[in-house]
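See below for query_33.txt, which holds compact mmCIF, C-alpha atoms.
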# COMPACT_ATOMS: atom_id res chain seq x y z
CA MET A 1 2.31 22.98 -34.70
CA ASP A 2 4.21 23.50 -31.45
CA LYS A 3 2.07 23.59 -28.36
CA ASN A 4 2.55 25.58 -25.20
CA ILE A 5 3.41 23.60 -22.06
CA TYR A 6 1.65 26.15 -19.85
CA ILE A 7 -1.60 25.65 -21.77
CA TYR A 8 -1.22 21.89 -21.30
CA ILE A 9 -0.72 22.42 -17.54
CA LEU A 10 -3.67 24.81 -17.37
CA ILE A 11 -5.91 22.25 -19.08
CA MET A 12 -4.69 19.47 -16.77
CA GLY A 13 -5.31 21.66 -13.71
CA ALA A 14 -8.74 22.86 -14.85
CA VAL A 15 -9.99 19.36 -15.71
CA SER A 16 -8.57 17.90 -12.48
CA TYR A 17 -10.27 20.61 -10.44
CA LEU A 18 -13.63 20.45 -12.18
CA ILE A 19 -13.82 16.67 -11.71
CA ARG A 20 -13.27 17.10 -7.99
CA ALA A 21 -15.30 20.26 -7.49
CA LEU A 22 -18.46 19.58 -9.50
CA PRO A 23 -19.90 16.78 -7.35
CA MET A 24 -18.81 18.48 -4.12
CA THR A 25 -20.34 21.83 -5.05
CA LEU A 26 -23.42 20.71 -6.99
CA LEU A 27 -24.42 17.39 -5.53
CA LYS A 28 -26.43 17.39 -2.38
CA LYS A 29 -27.82 13.95 -3.26
CA PRO A 30 -26.02 10.78 -4.42
CA ILE A 31 -25.99 9.70 -8.08
CA LYS A 32 -28.83 7.25 -8.62
CA ASN A 33 -27.98 5.87 -12.07
CA LYS A 34 -26.67 2.36 -11.55
CA PHE A 35 -24.62 2.25 -14.78
CA ILE A 36 -22.79 5.50 -14.02
CA ARG A 37 -22.15 4.47 -10.42
CA SER A 38 -20.78 1.10 -11.53
CA PHE A 39 -18.72 2.65 -14.33
CA LEU A 40 -17.17 5.20 -11.95
CA TYR A 41 -16.49 2.42 -9.49
CA TYR A 42 -14.60 0.25 -12.00
CA VAL A 43 -12.73 3.05 -13.79
CA PRO A 44 -9.83 3.58 -11.34
CA TYR A 45 -8.87 -0.09 -11.20
CA VAL A 46 -9.08 -0.60 -14.95
CA THR A 47 -7.15 2.60 -15.77
CA LEU A 48 -4.37 1.82 -13.33
CA ALA A 49 -4.09 -1.79 -14.50
CA VAL A 50 -3.99 -0.73 -18.16
CA MET A 51 -1.30 1.83 -17.37
CA THR A 52 0.80 -0.62 -15.35
CA PHE A 53 1.15 -3.40 -17.89
CA PRO A 54 3.06 -3.69 -20.19
CA ALA A 55 4.49 -0.20 -19.41
CA ILE A 56 6.36 -1.42 -16.30
CA ILE A 57 8.34 -3.84 -18.44
CA ASN A 58 9.39 -1.14 -20.89
CA ALA A 59 10.23 1.40 -18.17
CA THR A 60 13.34 -0.35 -16.92
CA GLN A 61 16.69 -0.94 -18.61
CA SER A 62 16.05 -4.66 -18.82
CA PRO A 63 12.60 -6.23 -19.32
CA ILE A 64 13.58 -8.95 -16.80
CA SER A 65 13.84 -6.42 -13.97
CA GLY A 66 10.48 -4.96 -15.03
CA VAL A 67 8.82 -8.38 -14.84
CA LEU A 68 10.38 -8.96 -11.40
CA ALA A 69 9.16 -5.54 -10.20
CA LEU A 70 5.66 -6.43 -11.40
CA ALA A 71 5.76 -9.71 -9.48
CA VAL A 72 7.12 -8.07 -6.33
CA GLY A 73 4.50 -5.30 -6.58
CA ILE A 74 1.65 -7.80 -6.85
CA ILE A 75 2.99 -9.91 -3.96
CA THR A 76 3.73 -7.01 -1.58
CA ALA A 77 0.36 -5.34 -2.33
CA THR A 78 -1.40 -8.67 -1.78
CA VAL A 79 0.15 -9.25 1.63
CA GLY A 80 -0.89 -5.75 2.66
CA PHE A 81 2.15 -3.49 2.35
CA ASN A 82 1.14 0.17 2.20
CA LEU A 83 1.49 2.33 -0.90
CA PHE A 84 4.92 3.66 0.00
CA LYS A 85 6.38 0.26 0.88
CA VAL A 86 5.06 -1.35 -2.31
CA ALA A 87 6.63 1.42 -4.40
CA VAL A 88 9.98 1.13 -2.59
CA SER A 89 9.97 -2.69 -2.88
CA CYS A 90 9.53 -2.40 -6.65
CA CYS A 91 12.39 0.12 -6.91
CA LEU A 92 14.76 -2.01 -4.84
CA THR A 93 13.89 -5.07 -6.92
CA VAL A 94 14.80 -3.32 -10.16
CA PHE A 95 17.98 -1.89 -8.66
CA ALA A 96 19.14 -5.27 -7.34
CA ALA A 97 18.11 -7.16 -10.49
CA GLU A 98 19.95 -4.79 -12.80
CA LEU A 99 23.03 -4.86 -10.61
CA ILE A 100 23.06 -8.65 -10.87
CA ILE A 101 22.39 -8.61 -14.62
CA THR A 102 25.16 -6.05 -15.26
CA TYR A 103 27.90 -7.45 -13.07
CA LEU A 104 27.23 -11.13 -12.56
CA LEU A 105 25.65 -12.46 -15.73
CA MET B 1 -20.52 26.18 20.39
CA SER B 2 -19.10 29.65 21.12
CA PRO B 3 -16.98 31.23 18.37
CA LEU B 4 -13.86 30.98 20.54
CA ASN B 5 -14.34 27.25 21.10
CA LEU B 6 -15.00 26.76 17.41
CA ILE B 7 -11.69 28.41 16.52
CA LYS B 8 -9.93 26.18 19.04
CA THR B 9 -11.55 23.06 17.58
CA ASN B 10 -10.64 24.09 14.05
CA LYS B 11 -7.03 24.76 15.06
CA ALA B 12 -6.79 21.34 16.66
CA ALA B 13 -8.23 19.77 13.50
CA ILE B 14 -5.69 21.57 11.31
CA ARG B 15 -2.86 20.44 13.58
CA GLN B 16 -4.05 16.83 13.52
CA GLY B 17 -4.34 17.03 9.73
CA LEU B 18 -0.80 18.41 9.37
CA LYS B 19 0.46 15.46 11.40
CA ASP B 20 -1.52 12.79 9.54
CA GLY B 21 -0.55 14.29 6.19
CA LEU B 22 3.17 13.83 6.84
CA PRO B 23 3.55 10.07 6.22
CA ILE B 24 1.37 10.48 3.14
CA GLY B 25 3.64 13.30 2.01
CA PHE B 26 6.75 11.13 2.33
CA GLY B 27 5.13 8.46 0.20
CA TYR B 28 4.13 11.12 -2.32
CA PHE B 29 7.64 12.51 -2.39
CA ALA B 30 9.21 9.24 -3.59
CA VAL B 31 6.55 8.68 -6.22
CA ALA B 32 6.55 12.31 -7.34
CA PHE B 33 10.26 12.02 -7.96
CA SER B 34 9.69 9.31 -10.57
CA LEU B 35 6.81 11.35 -11.98
CA GLY B 36 9.30 14.20 -12.35
CA VAL B 37 11.47 12.00 -14.55
CA THR B 38 8.42 11.46 -16.81
CA ALA B 39 7.75 15.23 -16.77
CA LYS B 40 11.32 15.91 -17.81
CA ASN B 41 10.99 13.47 -20.72
CA ALA B 42 7.89 15.40 -21.79
CA GLY B 43 9.97 18.57 -21.90
CA LEU B 44 8.78 20.22 -18.70
CA SER B 45 11.06 22.41 -16.59
CA ALA B 46 11.32 21.94 -12.80
CA PHE B 47 8.99 24.88 -12.27
CA GLN B 48 6.47 23.52 -14.77
CA GLY B 49 6.58 20.13 -13.04
CA PHE B 50 6.04 21.84 -9.69
CA LEU B 51 3.15 23.87 -11.08
CA ALA B 52 1.48 20.84 -12.68
CA SER B 53 1.69 18.93 -9.39
CA VAL B 54 0.32 21.84 -7.33
CA LEU B 55 -2.58 22.30 -9.76
CA CYS B 56 -3.39 18.62 -10.38
CA SER B 57 -1.94 16.52 -7.54
CA ALA B 58 -2.95 13.33 -9.30
CA SER B 59 -0.33 10.68 -9.97
CA ALA B 60 -2.09 8.72 -12.69
CA GLY B 61 -3.66 11.81 -14.24
CA GLU B 62 -0.39 13.71 -14.42
CA TYR B 63 1.49 10.67 -15.66
CA VAL B 64 -0.92 10.09 -18.56
CA ALA B 65 -0.92 13.79 -19.44
CA PHE B 66 2.90 13.92 -19.42
CA THR B 67 3.18 10.92 -21.75
CA LEU B 68 0.70 12.62 -24.08
CA ILE B 69 2.60 15.91 -23.94
CA ALA B 70 5.77 13.97 -24.77
CA ALA B 71 3.96 12.70 -27.89
CA ASN B 72 2.90 16.28 -28.80
CA ALA B 73 -0.77 15.28 -28.43
CA SER B 74 -3.65 17.70 -28.93
CA TYR B 75 -5.07 19.75 -26.05
CA ILE B 76 -8.33 17.82 -26.32
CA GLU B 77 -6.53 14.48 -25.94
CA VAL B 78 -4.81 15.78 -22.79
CA ALA B 79 -8.14 17.03 -21.40
CA LEU B 80 -9.83 13.68 -22.13
CA ALA B 81 -6.98 11.63 -20.68
CA THR B 82 -6.92 13.78 -17.54
CA PHE B 83 -10.65 13.30 -17.22
CA VAL B 84 -10.54 9.51 -17.58
CA ALA B 85 -7.50 9.00 -15.35
CA ASN B 86 -9.09 11.16 -12.64
CA ALA B 87 -12.70 10.03 -13.03
CA ARG B 88 -12.50 8.20 -9.72
CA TYR B 89 -12.17 11.53 -7.90
CA MET B 90 -15.73 12.28 -9.00
CA LEU B 91 -16.89 9.31 -7.01
CA MET B 92 -14.81 10.39 -4.01
CA SER B 93 -16.11 13.93 -4.31
CA CYS B 94 -19.67 12.54 -4.32
CA ALA B 95 -18.87 10.52 -1.21
CA LEU B 96 -17.35 13.53 0.59
CA SER B 97 -20.32 15.73 -0.34
CA GLN B 98 -22.56 13.21 1.40
CA LYS B 99 -20.50 13.46 4.57
CA ALA B 100 -20.53 17.25 4.79
CA SER B 101 -22.51 18.80 7.61
CA PRO B 102 -25.57 20.80 6.51
CA ASP B 103 -24.14 23.62 8.67
CA MET B 104 -20.78 23.65 6.88
CA PRO B 105 -20.24 27.06 5.17
CA TYR B 106 -20.57 26.64 1.41
CA ILE B 107 -17.07 28.01 0.70
CA HIS B 108 -15.56 24.82 2.15
CA ARG B 109 -17.07 22.80 -0.70
CA PRO B 110 -15.09 24.39 -3.58
CA LEU B 111 -12.01 24.77 -1.35
CA SER B 112 -11.76 21.25 0.02
CA ALA B 113 -12.41 19.82 -3.47
CA ILE B 114 -8.99 21.07 -4.65
CA TYR B 115 -7.05 18.25 -3.02
CA ILE B 116 -9.24 15.19 -3.15
CA THR B 117 -6.53 12.59 -3.75
CA ASP B 118 -6.79 8.86 -3.03
CA GLU B 119 -4.95 9.13 0.28
CA LEU B 120 -6.21 12.53 1.51
CA PHE B 121 -9.75 11.43 0.69
CA GLY B 122 -9.05 8.17 2.52
CA ILE B 123 -8.00 9.76 5.80
CA SER B 124 -10.70 12.47 5.65
CA ILE B 125 -13.57 10.07 4.99
CA ALA B 126 -12.28 7.61 7.60
CA ARG B 127 -12.74 10.16 10.42
CA LYS B 128 -15.82 9.82 12.56
CA GLY B 129 -18.72 12.24 12.20
CA PHE B 130 -19.13 14.96 9.59
CA PHE B 131 -16.43 15.81 7.06
CA ASP B 132 -14.04 18.30 8.71
CA PRO B 133 -12.65 20.71 6.08
CA PHE B 134 -10.00 22.00 8.49
CA TYR B 135 -8.56 18.55 9.04
CA HIS B 136 -8.49 18.11 5.26
CA TYR B 137 -6.70 21.47 4.80
CA GLY B 138 -4.09 20.51 7.39
CA ALA B 139 -3.35 17.19 5.69
CA SER B 140 -3.19 18.85 2.26
CA LEU B 141 -0.74 21.46 3.56
CA THR B 142 1.90 18.86 4.39
CA ALA B 143 1.22 16.28 1.67
CA VAL B 144 0.81 18.47 -1.43
CA PRO B 145 4.02 20.55 -1.10
CA LEU B 146 6.01 17.32 -0.73
CA TRP B 147 4.30 16.01 -3.87
CA ALA B 148 5.12 19.19 -5.82
CA ILE B 149 8.72 19.49 -4.57
CA GLY B 150 9.27 15.81 -5.33
CA THR B 151 8.13 16.38 -8.91
CA ALA B 152 10.44 19.39 -9.34
CA LEU B 153 13.41 17.47 -7.92
CA GLY B 154 12.63 14.57 -10.24
CA VAL B 155 12.86 16.93 -13.21
CA ILE B 156 16.17 18.36 -11.96
CA ALA B 157 17.86 15.21 -10.70
CA GLY B 158 16.55 12.90 -13.40
CA ASN B 159 19.65 13.62 -15.48
CA ILE B 160 22.12 13.84 -12.58
CA LEU B 161 21.34 10.40 -11.18
CA PRO B 162 23.02 7.31 -12.63
CA LEU B 163 20.95 5.34 -15.13
CA SER B 164 20.56 2.39 -12.73
CA VAL B 165 18.90 4.63 -10.11
CA VAL B 166 16.59 6.29 -12.65
CA SER B 167 15.64 2.85 -13.96
CA ALA B 168 14.83 1.69 -10.41
CA LEU B 169 12.84 4.83 -9.59
CA SER B 170 10.84 4.59 -12.79
CA VAL B 171 8.83 1.69 -11.36
CA ALA B 172 7.82 3.58 -8.17
CA LEU B 173 4.74 4.93 -9.91
CA TYR B 174 3.65 1.47 -11.07
CA GLY B 175 4.26 0.18 -7.54
CA MET B 176 1.88 2.84 -6.27
CA PHE B 177 -0.70 1.92 -8.90
CA MET B 178 -0.48 -1.73 -7.86
CA ALA B 179 -0.92 -0.77 -4.20
CA VAL B 180 -4.21 0.85 -5.24
CA PHE B 181 -5.71 -1.87 -7.45
CA ILE B 182 -4.36 -5.12 -5.96
CA PRO B 183 -5.98 -4.98 -2.47
CA PRO B 184 -9.54 -4.51 -3.86
CA ALA B 185 -8.81 -7.22 -6.47
CA LYS B 186 -8.05 -9.56 -3.59
CA LYS B 187 -11.49 -8.94 -2.08
CA ASP B 188 -13.56 -8.70 -5.26
CA LYS B 189 -13.35 -11.38 -7.95
CA ILE B 190 -14.82 -9.09 -10.60
CA ILE B 191 -12.05 -6.53 -10.04
CA ALA B 192 -9.45 -9.32 -10.10
CA CYS B 193 -10.79 -10.46 -13.49
CA LEU B 194 -10.85 -6.87 -14.75
CA VAL B 195 -7.20 -6.45 -13.78
CA VAL B 196 -6.21 -9.58 -15.72
CA ILE B 197 -8.32 -8.52 -18.73
CA SER B 198 -6.84 -5.00 -18.57
CA PHE B 199 -3.29 -6.39 -18.53
CA ALA B 200 -4.05 -8.68 -21.46
CA LEU B 201 -5.83 -6.12 -23.66
CA SER B 202 -3.28 -3.44 -22.84
CA TYR B 203 -0.51 -5.79 -23.92
CA ILE B 204 -2.31 -6.80 -27.11
CA ALA B 205 -3.00 -3.12 -27.92
CA SER B 206 0.70 -2.36 -27.51
CA ILE B 207 1.80 -4.92 -30.14
CA LEU B 208 -1.05 -4.88 -32.68
CA PRO B 209 -0.30 -2.95 -35.86
CA VAL B 210 -2.19 0.36 -36.26
CA ILE B 211 -3.50 0.29 -32.65
CA SER B 212 0.03 0.34 -31.22
CA GLU B 213 0.65 3.51 -33.26
CA ILE B 214 -1.93 5.38 -31.15
CA ALA B 215 -0.38 7.38 -28.28
CA GLU B 216 -0.13 5.41 -25.03
CA GLY B 217 -2.36 7.85 -23.13
CA THR B 218 -5.09 7.69 -25.78
CA ARG B 219 -4.97 3.89 -25.79
CA THR B 220 -5.44 4.03 -22.01
CA ILE B 221 -8.60 6.14 -22.38
CA ILE B 222 -10.09 3.90 -25.06
CA LEU B 223 -9.33 0.67 -23.18
CA THR B 224 -10.62 2.07 -19.88
CA VAL B 225 -13.93 3.21 -21.37
CA ILE B 226 -14.42 -0.14 -23.14
CA ILE B 227 -13.44 -2.40 -20.21
CA ALA B 228 -15.06 -0.40 -17.38
CA GLY B 229 -18.14 0.24 -19.54
CA ALA B 230 -18.55 -3.46 -20.34
CA ALA B 231 -18.05 -4.33 -16.66
CA ALA B 232 -20.66 -1.76 -15.58
CA LEU B 233 -23.14 -3.26 -18.07
CA LEU B 234 -22.41 -6.90 -17.21
CA PHE B 235 -21.79 -6.55 -13.48
CA PRO B 236 -23.68 -3.50 -12.16
CA ARG B 237 -22.84 -2.84 -8.54
CA LYS B 238 -25.47 -3.51 -5.93
CA GLU B 239 -26.06 -0.79 -3.34
CA GLU B 240 -25.05 -2.95 -0.38
CA GLU B 241 -21.75 -3.87 -2.05
CA GLU B 242 -20.91 -0.19 -2.43
CA GLU B 243 -21.64 0.56 1.18
CA GLU B 244 -19.43 -2.33 2.17
CA SER B 245 -16.50 -1.12 0.08
CA ASN B 246 -16.91 2.48 1.23
CA GLY B 247 -17.17 1.55 4.89

Output the structure of this file as structure tokens.
Amino acid sequence: MDKNIYIYILIMGAVSYLIRALPMTLLKKPIKNKFIRSFLYYVPYVTLAVMTFPAIINATQSPISGVLALAVGIITATVGFNLFKVAVSCCLTVFAAELIITYLL
Amino acid sequence: MSPLNLIKTNKAAIRQGLKDGLPIGFGYFAVAFSLGVTAKNAGLSAFQGFLASVLCSASAGEYVAFTLIAANASYIEVALATFVANARYMLMSCALSQKASPDMPYIHRPLSAIYITDELFGISIARKGFFDPFYHYGASLTAVPLWAIGTALGVIAGNILPLSVVSALSVALYGMFMAVFIPPAKKDKIIACLVVISFALSYIASILPVISEIAEGTRTIILTVIIAGAAALLFPRKEEEEEESNG
């Protein structure tokens, strides 16, 4: 069955808003449950890590440039580059690596 | 404070927010562009990409949803994936609600919740004193349009740009993800271990028969719930640690 893109977008928007609005509008006190607090704390890091690897390697034309971008991303984020600079460093790495692979190797 | 002074203060807060939102917006723009390429692959038009970004403004959440849409996933899968990828905003929303002044008109709660993103939350919570909704609105007004326009342009220009540029831009999103999870991993050994485990399990899940057949977004939800759930059971956070990391 074909699905409607606008319904997809509506669902994405509604879920995104409810997640952000429910605590802000309902919660006057912090969540006490230790498991939920810990789970919510770990979720962003785990999700982002799961989404990054191995997807970054398959995103580029050559897996080698993807691996290099991963390495550069980890290094630049470790030394404290901000979000924008880390993203740009990864892009430039892939661009340079693929240029070398295409024309020099 | 007299009403006139209050209006003046609020105007100044909006102006400061507009200014502080600008560098964030430029960062968003570059990343949104690569998100637009993903949106295009999922079959979205430029307007639909724009709309999704205005309504969601969540890089990871939108990215997961787009990959699911590309796989013709069910509405429930998209809702679940959006929930899991954005679950962290619940925590941020909790934190912001704690910083709101008891005198703040209630309407600012549902309104300021619209654009709780990693960065906008970061600059709003970092300000001294009570949460200032007007500062938050100002920052959202510059950052979010750049995010949405970037997405639309990514959809449009994704097929105009040479393959080498698209390939390079496609890692911008992952670069942004790394900028979010690497710094805390440096400070916290548990998070560092979780990152390594997540990489390993995600890789294994992508090559194992049967499991690799499951849509990428759904695999992400399953792995996140398992890994973060196990971590929460084995390594529950202590209160003082949380205060440290929020401070």

Can you tell me, as a PyMOL selection string, what residues are no more than 9 Å from range 137-152 of chain B when counting only C-alpha atoms, ignoring any on the same chain fewer than 4 positions away? chain B and resi 13-37+39+45-54+57+111-112+115-116+120+123-124+132-133+156-157

Taking a cut-off of 6 Å and counting only C-alpha atoms, can you build a table that, for each residue of chain B near chain A, reports the nearest atom pair and how far apart they are in Å (one decimal), sorted by chain then residue number, as JSON lines?
{"residue": "B:Gly27", "atom": "CA", "partner": "A:Phe84", "partner_atom": "CA", "distance": 4.8}
{"residue": "B:Ala52", "atom": "CA", "partner": "A:Ile9", "partner_atom": "CA", "distance": 5.6}
{"residue": "B:Leu55", "atom": "CA", "partner": "A:Gly13", "partner_atom": "CA", "distance": 4.8}
{"residue": "B:Cys56", "atom": "CA", "partner": "A:Gly13", "partner_atom": "CA", "distance": 4.9}
{"residue": "B:Arg88", "atom": "CA", "partner": "A:Pro44", "partner_atom": "CA", "distance": 5.6}
{"residue": "B:Tyr89", "atom": "CA", "partner": "A:Arg20", "partner_atom": "CA", "distance": 5.7}
{"residue": "B:Met90", "atom": "CA", "partner": "A:Ile19", "partner_atom": "CA", "distance": 5.5}
{"residue": "B:Ser93", "atom": "CA", "partner": "A:Met24", "partner_atom": "CA", "distance": 5.3}
{"residue": "B:Cys94", "atom": "CA", "partner": "A:Pro23", "partner_atom": "CA", "distance": 5.2}
{"residue": "B:Ser97", "atom": "CA", "partner": "A:Met24", "partner_atom": "CA", "distance": 4.9}
{"residue": "B:Arg109", "atom": "CA", "partner": "A:Thr25", "partner_atom": "CA", "distance": 5.5}
{"residue": "B:Pro110", "atom": "CA", "partner": "A:Ala21", "partner_atom": "CA", "distance": 5.7}
{"residue": "B:Ala113", "atom": "CA", "partner": "A:Ala21", "partner_atom": "CA", "distance": 5.0}
{"residue": "B:Ile114", "atom": "CA", "partner": "A:Tyr17", "partner_atom": "CA", "distance": 5.9}
{"residue": "B:Ser167", "atom": "CA", "partner": "A:Thr60", "partner_atom": "CA", "distance": 4.9}
{"residue": "B:Ala168", "atom": "CA", "partner": "A:Cys91", "partner_atom": "CA", "distance": 4.5}
{"residue": "B:Leu169", "atom": "CA", "partner": "A:Cys91", "partner_atom": "CA", "distance": 5.4}
{"residue": "B:Val171", "atom": "CA", "partner": "A:Cys91", "partner_atom": "CA", "distance": 5.9}
{"residue": "B:Ala172", "atom": "CA", "partner": "A:Ala87", "partner_atom": "CA", "distance": 4.5}
{"residue": "B:Tyr174", "atom": "CA", "partner": "A:Thr52", "partner_atom": "CA", "distance": 5.6}
{"residue": "B:Gly175", "atom": "CA", "partner": "A:Ala87", "partner_atom": "CA", "distance": 4.1}
{"residue": "B:Met176", "atom": "CA", "partner": "A:Ala87", "partner_atom": "CA", "distance": 5.3}
{"residue": "B:Phe177", "atom": "CA", "partner": "A:Leu48", "partner_atom": "CA", "distance": 5.8}
{"residue": "B:Ala179", "atom": "CA", "partner": "A:Ala77", "partner_atom": "CA", "distance": 5.1}
{"residue": "B:Phe181", "atom": "CA", "partner": "A:Tyr45", "partner_atom": "CA", "distance": 5.2}
{"residue": "B:Ile182", "atom": "CA", "partner": "A:Ala77", "partner_atom": "CA", "distance": 6.0}
{"residue": "B:Pro183", "atom": "CA", "partner": "A:Thr78", "partner_atom": "CA", "distance": 5.9}
{"residue": "B:Val195", "atom": "CA", "partner": "A:Ala49", "partner_atom": "CA", "distance": 5.6}
{"residue": "B:Ser198", "atom": "CA", "partner": "A:Val50", "partner_atom": "CA", "distance": 5.2}
{"residue": "B:Phe199", "atom": "CA", "partner": "A:Phe53", "partner_atom": "CA", "distance": 5.4}
{"residue": "B:Ser202", "atom": "CA", "partner": "A:Val50", "partner_atom": "CA", "distance": 5.5}
{"residue": "B:Tyr203", "atom": "CA", "partner": "A:Pro54", "partner_atom": "CA", "distance": 5.6}
{"residue": "B:Thr224", "atom": "CA", "partner": "A:Thr47", "partner_atom": "CA", "distance": 5.4}
{"residue": "B:Ala228", "atom": "CA", "partner": "A:Tyr42", "partner_atom": "CA", "distance": 5.4}
{"residue": "B:Gly229", "atom": "CA", "partner": "A:Phe39", "partner_atom": "CA", "distance": 5.8}
{"residue": "B:Ala232", "atom": "CA", "partner": "A:Ser38", "partner_atom": "CA", "distance": 5.0}
{"residue": "B:Pro236", "atom": "CA", "partner": "A:Ser38", "partner_atom": "CA", "distance": 5.5}
{"residue": "B:Arg237", "atom": "CA", "partner": "A:Ser38", "partner_atom": "CA", "distance": 5.4}

Rank nothing, just name the residue among B:Leu161, B:Ile221, B:Leu153, B:Ala100 nearest to Asn86 in chain B, using all atoms listed in the file.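 Smallest separation from Asn86 in chain B among the options: B:Ile221.
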
What's the separation between CA of Leu163 in chain B and CA of Ala42 in chain B, in Å to one decimal place? 17.8 Å

Coordinates-based distance that separates CA of Ala71 in chain A from CA of Ser164 in chain B (Å, one decimal): 19.4 Å

Between CA of Ala231 in chain B and CA of Leu173 in chain B, measure the distance and give it in Å to one decimal. 25.5 Å

Padding 4 Å on every side, please: axis-aligned box over the listed atoms of range 228-239 of chain B, centre and edge lengths to one decimal in Å, as AutoDock Vina command-line options.
--center_x -20.6 --center_y -3.3 --center_z -11.8 --size_x 19.0 --size_y 15.1 --size_z 25.0
